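Structure file structure_21.cif; described as mmCIF, C-alpha atoms.
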data_start
loop_
_atom_site.label_atom_id
_atom_site.label_comp_id
_atom_site.auth_asym_id
_atom_site.auth_seq_id
_atom_site.Cartn_x
_atom_site.Cartn_y
_atom_site.Cartn_z
CA MET R 45 177.47 47.27 40.51
CA ASN R 46 179.63 47.98 37.46
CA THR R 47 179.09 51.58 36.41
CA ASN R 48 178.97 50.61 32.73
CA ILE R 49 175.96 48.41 33.46
CA LEU R 50 174.38 51.19 35.49
CA THR R 51 174.66 53.72 32.68
CA GLN R 52 173.77 51.27 29.93
CA PHE R 53 170.28 50.63 31.31
CA ALA R 54 169.66 54.00 32.98
CA LEU R 55 166.34 55.78 32.42
CA ASN R 56 165.52 59.47 32.53
CA ILE R 57 163.02 60.69 35.11
CA ASP R 58 160.04 60.66 32.72
CA ASP R 59 160.66 57.09 31.56
CA THR R 60 161.20 56.02 35.16
CA ALA R 61 157.82 57.46 36.17
CA GLU R 62 156.09 55.83 33.18
CA LEU R 63 157.62 52.46 34.05
CA ILE R 64 156.38 52.68 37.63
CA ALA R 65 152.94 53.75 36.41
CA ALA R 66 152.79 50.69 34.17
CA VAL R 67 154.09 47.95 36.49
CA GLY R 68 153.99 49.43 39.99
CA HIS R 69 150.72 47.71 40.92
CA ASN R 70 152.35 44.30 40.41
CA ARG R 71 156.05 44.93 41.01
CA THR R 72 157.74 47.26 43.45
CA VAL R 73 160.22 49.37 41.51
CA ILE R 74 163.26 50.53 43.49
CA VAL R 75 164.83 53.54 41.79
CA GLN R 76 168.54 54.03 42.41
CA GLY R 77 170.42 57.10 41.27
CA GLU R 78 172.79 59.90 42.17
CA MET R 79 171.81 62.16 45.03
CA GLY R 80 169.92 65.36 44.40
CA TRP R 81 168.46 64.67 40.97
CA GLY R 82 164.75 64.17 41.51
CA LYS R 83 164.15 60.62 42.73
CA SER R 84 161.89 61.85 45.53
CA ALA R 85 159.94 63.95 43.01
CA LEU R 86 158.64 60.76 41.40
CA LEU R 87 155.80 60.64 43.93
CA ASN R 88 154.52 64.04 42.78
CA ILE R 89 154.95 63.12 39.12
CA LEU R 90 152.93 59.93 39.56
CA SER R 91 150.27 61.68 41.63
CA ALA R 92 149.74 64.20 38.83
CA MET R 93 148.95 61.48 36.27
CA PRO R 94 145.22 61.25 35.43
CA LYS R 95 145.19 57.49 36.00
CA PHE R 96 146.11 58.07 39.65
CA GLU R 97 143.67 60.86 40.45
CA ASN R 98 141.86 58.62 42.93
CA HIS R 99 145.04 57.33 44.58
CA LYS R 100 146.22 58.61 47.95
CA ALA R 101 149.91 59.56 47.89
CA ILE R 102 151.86 58.24 50.89
CA TYR R 103 155.46 59.25 51.55
CA ILE R 104 157.61 57.29 53.99
CA ASP R 105 161.00 58.72 54.97
CA CYS R 106 163.04 55.59 55.62
CA THR R 107 165.85 57.55 57.27
CA THR R 108 163.56 58.11 60.27
CA LYS R 109 162.86 54.40 60.80
CA THR R 110 164.94 52.47 63.32
CA ASP R 111 163.34 49.03 63.61
CA SER R 112 160.23 46.97 62.88
CA GLY R 113 158.35 48.77 65.64
CA ASP R 114 158.15 51.84 63.43
CA PHE R 115 155.86 49.92 61.06
CA PHE R 116 154.08 47.27 63.18
CA MET R 117 153.05 47.01 66.82
CA ILE R 118 151.76 44.15 68.95
CA LYS R 119 148.13 43.95 70.07
CA TYR R 120 147.22 41.33 72.71
CA SER R 121 144.04 39.32 72.64
CA GLU R 122 141.31 39.85 75.21
CA ASP R 123 142.47 36.86 77.30
CA GLY R 124 146.12 37.81 76.97
CA LYS R 125 147.12 34.37 75.69
CA THR R 126 147.90 35.41 72.08
CA PHE R 127 148.76 38.52 70.14
CA HIS R 128 148.93 39.80 66.58
CA THR R 129 150.58 42.76 64.90
CA LEU R 130 148.89 45.87 63.58
CA PRO R 131 150.39 48.07 60.83
CA HIS R 132 151.17 51.73 61.25
CA GLU R 133 148.57 53.87 59.51
CA GLU R 134 151.18 55.48 57.22
CA LEU R 135 151.51 52.20 55.32
CA GLY R 136 147.93 52.61 54.10
CA LEU R 137 147.07 48.96 54.67
CA HIS R 138 143.89 49.97 56.51
CA LEU R 139 142.55 52.07 53.62
CA ASP R 140 139.82 50.86 51.29
CA GLY R 141 141.04 52.82 48.26
CA PRO R 142 144.26 52.63 46.20
CA VAL R 143 147.47 54.34 47.26
CA ILE R 144 150.82 55.32 45.78
CA LEU R 145 153.24 54.24 48.48
CA MET R 146 156.81 55.54 48.31
CA PHE R 147 159.62 54.30 50.54
CA ASP R 148 162.16 57.10 50.13
CA GLU R 149 165.83 56.35 50.90
CA ILE R 150 165.05 52.68 51.50
CA GLY R 151 168.73 51.76 51.19
CA LYS R 152 169.47 53.69 54.40
CA MET R 153 166.82 51.87 56.45
CA PRO R 154 168.11 49.51 59.19
CA ARG R 155 167.76 45.80 58.42
CA SER R 156 165.10 45.23 61.09
CA ALA R 157 162.81 47.86 59.57
CA PHE R 158 163.60 46.73 56.02
CA ASN R 159 162.73 43.11 56.75
CA ALA R 160 159.49 44.20 58.42
CA VAL R 161 158.12 45.65 55.16
CA LEU R 162 159.44 42.98 52.78
CA ARG R 163 156.05 41.32 52.50
CA VAL R 164 154.43 44.69 51.76
CA LEU R 165 156.98 45.32 49.03
CA TYR R 166 156.54 41.86 47.51
CA GLU R 167 152.95 40.79 48.18
CA ARG R 168 151.21 44.12 48.99
CA LYS R 169 149.96 42.73 52.28
CA TYR R 170 150.86 41.90 55.85
CA ALA R 171 148.93 39.33 57.90
CA ASP R 172 145.24 40.01 57.17
CA ASN R 173 145.86 43.53 55.86
CA ILE R 174 145.94 43.87 52.08
CA LEU R 175 146.48 46.96 49.94
CA HIS R 176 143.90 47.82 47.31
CA HIS R 177 144.72 45.92 44.11
CA GLU R 178 145.32 49.15 42.17
CA SER R 179 147.89 50.41 44.67
CA VAL R 180 151.37 51.26 43.42
CA ILE R 181 154.57 50.83 45.45
CA LEU R 182 157.96 52.35 44.67
CA ALA R 183 161.15 53.04 46.58
CA THR R 184 164.26 55.14 46.08
CA THR R 185 167.88 54.77 47.09
CA ASN R 186 171.25 56.28 46.29
CA LEU R 187 173.88 54.39 44.34
CA SER R 188 176.07 52.22 46.52
CA ALA R 189 178.98 53.57 44.47
CA GLU R 190 178.38 57.00 46.01
CA GLY R 191 179.59 55.64 49.34
CA ILE R 192 176.93 57.20 51.55
CA GLY R 193 175.69 54.01 53.18
CA ASP R 194 172.90 52.81 50.90
CA LEU R 195 172.63 49.03 50.80
CA LEU R 196 169.96 46.67 49.50
CA PRO R 197 170.41 43.07 50.72
CA PRO R 198 170.18 40.42 47.98
CA HIS R 199 167.00 38.87 49.37
CA GLY R 200 165.37 42.31 49.22
CA ARG R 201 166.56 43.17 45.72
CA ASN R 202 165.30 39.84 44.44
CA ARG R 203 161.77 40.67 45.55
CA CYS R 204 161.74 43.96 43.62
CA THR R 205 162.66 45.46 40.27
CA VAL R 206 165.68 47.75 40.61
CA VAL R 207 166.25 50.38 37.93
CA THR R 208 168.76 53.21 37.63
CA MET R 209 167.58 56.76 37.04
CA LYS R 210 170.17 58.97 35.41
CA LYS R 211 170.79 62.61 36.16
CA SER R 212 168.78 65.20 34.28
CA ASP R 213 170.50 66.40 31.15
CA GLN R 214 171.05 70.09 30.62
CA LEU R 215 168.09 70.65 28.31
CA GLY R 216 165.69 68.70 30.51
CA TRP R 217 166.74 70.58 33.65
CA LEU R 218 166.46 73.95 31.93
CA GLY R 219 162.93 73.10 30.81
CA TRP R 220 162.02 72.22 34.38
CA SER R 221 163.74 75.34 35.73
CA ILE R 222 161.53 77.63 33.66
CA ALA R 223 158.36 76.01 34.98
CA ALA R 224 159.78 76.13 38.52
CA SER R 225 160.71 79.85 38.26
CA VAL R 226 164.37 79.21 39.01
CA HIS R 227 166.34 82.45 39.34
CA PRO R 228 167.45 83.74 35.90
CA THR R 229 171.11 83.85 36.95
CA ILE R 230 171.02 80.16 37.93
CA GLN R 231 169.27 79.29 34.67
CA SER R 232 171.82 81.21 32.62
CA TRP R 233 174.79 79.74 34.49
CA ALA R 234 173.41 76.23 34.01
CA LYS R 235 172.84 76.90 30.32
CA ASP R 236 176.43 78.03 29.83
CA THR R 237 177.98 75.37 32.10
CA PRO R 238 177.04 71.94 30.71
CA GLN R 239 179.58 70.15 32.92
CA LEU R 240 177.21 70.69 35.86
CA PHE R 241 175.13 67.86 34.44
CA HIS R 242 177.90 65.32 33.98
CA SER R 243 178.03 62.22 36.15
CA PHE R 244 181.13 61.00 37.94
CA MET R 245 180.50 57.71 36.13
CA ASP R 246 181.26 59.50 32.84
CA PHE R 247 184.92 59.78 33.83
CA GLU R 248 187.49 57.01 34.08
CA THR R 249 189.32 58.51 37.04
CA PRO R 250 188.51 61.07 39.75
CA GLU R 251 191.39 63.22 38.49
CA ILE R 252 189.73 63.55 35.09
CA CYS R 253 186.39 64.26 36.74
CA GLU R 254 187.89 66.97 38.93
CA ARG R 255 189.47 68.59 35.90
CA GLU R 256 186.50 68.36 33.55
CA ALA R 257 183.58 68.72 35.99
CA PRO R 258 184.90 70.23 39.23
CA HIS R 259 181.47 71.27 40.54
CA ILE R 260 179.95 67.79 40.90
CA TYR R 261 180.29 65.06 43.52
CA ASP R 262 182.72 62.22 42.86
CA PRO R 263 182.81 59.63 45.66
CA ARG R 264 186.17 58.37 44.39
CA SER R 265 187.90 61.68 45.04
CA ALA R 266 190.17 62.05 48.05
CA ASN R 267 189.13 65.72 48.39
CA LYS R 268 185.34 65.50 48.36
CA PRO R 269 183.73 68.92 49.05
CA VAL R 270 181.09 69.25 51.73
CA ALA R 271 178.74 70.96 49.26
CA PHE R 272 178.53 70.49 45.49
CA VAL R 273 176.23 70.99 42.53
CA THR R 274 173.14 68.84 42.11
CA GLY R 275 169.71 69.68 40.76
CA ARG R 276 168.58 70.07 44.37
CA SER R 277 171.43 72.41 45.33
CA LEU R 278 170.88 74.50 42.19
CA GLU R 279 167.30 74.96 43.33
CA GLY R 280 168.62 75.91 46.75
CA ALA R 281 170.94 78.50 45.22
CA SER R 282 167.98 79.88 43.29
CA ASP R 283 166.00 80.30 46.50
CA ILE R 284 168.89 82.21 48.05
CA MET R 285 169.20 84.55 45.08
CA HIS R 286 165.45 85.16 44.95
CA ASP R 287 165.50 85.99 48.67
CA ARG R 288 168.45 88.32 48.18
CA ASP R 289 166.59 90.18 45.44
CA ALA R 290 163.59 90.56 47.74
CA VAL R 291 165.70 91.83 50.65
CA LEU R 292 167.53 94.36 48.49
CA ALA R 293 164.29 95.53 46.87
CA ALA R 294 162.89 96.19 50.35
CA GLY R 295 165.95 98.25 51.26
CA GLY R 296 167.52 95.59 53.45
CA THR R 297 171.08 94.29 53.66
CA PHE R 298 172.35 91.25 51.77
CA SER R 299 176.00 91.82 50.90
CA ASP R 300 178.10 89.98 48.34
CA THR R 301 180.00 88.44 51.26
CA MET R 302 176.76 87.05 52.64
CA LEU R 303 175.74 85.75 49.22
CA ARG R 304 179.08 84.07 48.61
CA ALA R 305 178.96 82.34 52.01
CA ALA R 306 175.40 81.09 51.44
CA LEU R 307 176.20 79.83 47.95
CA ALA R 308 179.38 78.10 49.15
CA GLY R 309 177.31 76.20 51.67
CA THR R 310 174.84 75.22 48.95
CA VAL R 311 176.75 74.50 45.72
CA GLY R 312 180.27 74.31 47.14
CA PRO R 313 183.21 76.74 47.17
CA ARG R 314 184.05 76.23 43.50
CA GLY R 315 180.43 76.57 42.46
CA ALA R 316 180.01 79.69 44.60
CA ALA R 317 183.12 81.34 43.17
CA ASP R 318 182.12 80.64 39.59
CA LEU R 319 178.51 81.60 40.18
CA MET R 320 179.45 84.87 41.88
CA ALA R 321 181.75 85.78 39.01
CA TYR R 322 179.06 84.86 36.53
CA HIS R 323 176.45 86.86 38.43
CA THR R 324 178.70 89.93 38.56
CA LEU R 325 179.63 89.84 34.89
CA LEU R 326 176.36 88.55 33.48
CA GLN R 327 175.13 91.96 32.42
CA GLN R 328 178.31 92.67 30.47
CA VAL R 329 178.98 89.38 28.75
CA PRO R 330 176.93 88.54 25.64
CA SER R 331 175.27 85.16 25.52
CA LYS R 332 176.42 82.41 23.18
CA GLU R 333 173.21 82.85 21.21
CA GLU R 334 173.85 86.58 20.83
CA ILE R 335 177.32 85.91 19.44
CA ILE R 336 176.18 83.15 17.10
CA ASN R 337 173.18 85.09 15.78
CA ASP R 338 175.04 88.37 15.21
CA PRO R 339 178.80 87.95 15.73
CA LEU R 340 179.73 91.32 14.20
CA ASN R 341 177.42 93.33 16.42
CA ALA R 342 177.47 91.31 19.65
CA ARG R 343 178.27 93.31 22.78
CA ILE R 344 181.94 93.65 23.71
CA PRO R 345 182.48 93.97 27.48
CA ASP R 346 184.57 96.78 28.93
CA LYS R 347 185.96 95.15 32.08
CA VAL R 348 189.07 93.02 31.69
CA SER R 349 187.56 90.28 33.84
CA ALA R 350 184.49 90.16 31.61
CA VAL R 351 186.69 89.97 28.52
CA CYS R 352 188.59 87.04 30.08
CA MET R 353 185.34 85.33 30.96
CA LEU R 354 184.10 85.73 27.39
#

In structure tokens, how does this file's structure come out?
Amino acid sequence: MNTNILTQFALNIDDTAELIAAVGHNRTVIVQGEMGWGKSALLNILSAMPKFENHKAIYIDCTTKTDSGDFFMIKYSEDGKTFHTLPHEELGLHLDGPVILMFDEIGKMPRSAFNAVLRVLYERKYADNILHHESVILATTNLSAEGIGDLLPPHGRNRCTVVTMKKSDQLGWLGWSIAASVHPTIQSWAKDTPQLFHSFMDFETPEICEREAPHIYDPRSANKPVAFVTGRSLEGASDIMHDRDAVLAAGGTFSDTMLRAALAGTVGPRGAADLMAYHTLLQQVPSKEEIINDPLNARIPDKVSAVCML
């Protein structure tokens, strides 16, 4: 799909959740968006809404499904002359109460498995099994433009409502990071590095993206890093830094070399290098707010590297 169309109608995560809450009992909403920016978290967001306090949350990892047998199995009649199919219990079709049913990574599911649940997605039933009328169904998938194998066949898209969820902006992510107790160094780096929250679709060419936002994933680039910055990988880097603090506080060993290697495998080599430098110099360099609020008395770092960073 044209990236201009994708961005023109893109919703933030809160609006996406509200849309699903409003129409999800009638229409299956398939949420497409860039990897690592909270699509899977929609199930928790919906479950926390008061209107869904009596709903059972069901998560289905579509990457683990191989064919229709993962959702339905054959049961023969007593005389063995006929048979019918029974649904897997994880679909919730056997339950009396309402459910919130999420098909995560549905674009990666093999066609056989996808076709098997089409009637569930469209009609909320299969054979004689019908979901409670208040049940909500949603699905997630990555953008096909990311080139990681996600594909929704036209006959499947036409049965659902497909919306694009945009990446969190800097302010929104920072608000979440405080509530999630993200490591202060990660929070501060994210606050001072707004390009972490850019999308590759913001840039006309991969060369411009690599120059302006080198930490993020651009599927068009010929030199795609194995690891890169997403909201998910920032959270992973936070976990590593929290664990390092705990190990050092207990008198254990967690060297800078170990930290750099772990961060490189989480946010990428460029992200690790910049984050390590930021972490090392953070105590010396005044924040932007400190400079703006009191430019004449803001701290002046002593180290040359810190001066260059400032």

>> What would the selection look like, as a list of chain:residue names, if the PyMOL selection byres ((chain R and resi 286-303) around 12) were run on the coordinates I just shared?
In response: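 Checking the PyMOL selection byres ((chain R and resi 286-303) around 12) against this file, the residues are R:Ser225, R:Val226, R:His227, R:Pro228, R:Thr229, R:Ile230, R:Glu279, R:Gly280, R:Ala281, R:Ser282, R:Asp283, R:Ile284, R:Met285, R:Arg304, R:Ala305, R:Ala306, R:Leu307, R:Ala308, R:Gly309, R:Thr310, R:Val311, R:Pro313, R:Ala316, R:Ala317, R:Leu319, R:Met320, R:Ala321, R:His323, R:Thr324.
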
>> Since I can't run it myself right now, could you work out what the PyMOL selection byres ((chain R and resi 78) around 7) selects here and report it as a PyMOL selection string?
In response: chain R and resi 77+79-81+186-187+211

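Distance annotation: of R:Arg168, R:Lys332, R:Lys100, R:Lys210, the residue with the minimal separation from Val75 (chain R) is R:Lys210; atom set is only C-alpha atoms.
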
> Of the candidates R:Asn173, R:Asn337, R:Ser212, R:Gln231, which shows the shortest atom-to-atom distance to His128 (chain R), using only C-alpha atoms?
Replying inline: R:Asn173

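By only C-alpha atoms, and with residues fewer than 2 positions from Thr108 (chain R) along its chain excluded, the set lying at most 10 Å from it is Ile104, Asp105, Cys106, Thr110, Asp111, Asp114, Glu149, Lys152, Met153 and Pro154 of chain R.
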
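As for CA of Gly191 (chain R) and CA of Lys268 (chain R), they are spaced 11.5 Å apart.
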
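The closest residue to Gln214 (chain R), picked from R:Asn341, R:Thr60, R:Thr274, R:Thr107 and counting all atoms listed in the file, is R:Thr274.
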
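If you look at CA of Met93 (chain R) and CA of Ala61 (chain R), they are 9.7 Å away from each other.
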
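When only C-alpha atoms are used to compute distances to Ile118 (chain R), the closest of the residues R:His132, R:Leu354, R:Arg163, R:Trp220 turns out to be R:His132.
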
> Pick from R:Ile150, R:Ala160, R:Arg314, R:Ser277: nearest to Asp194 (chain R), with all atoms listed in the file counted?
Replying inline: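 Ranked by minimum distance to Asp194 (chain R), first place goes to R:Ile150.
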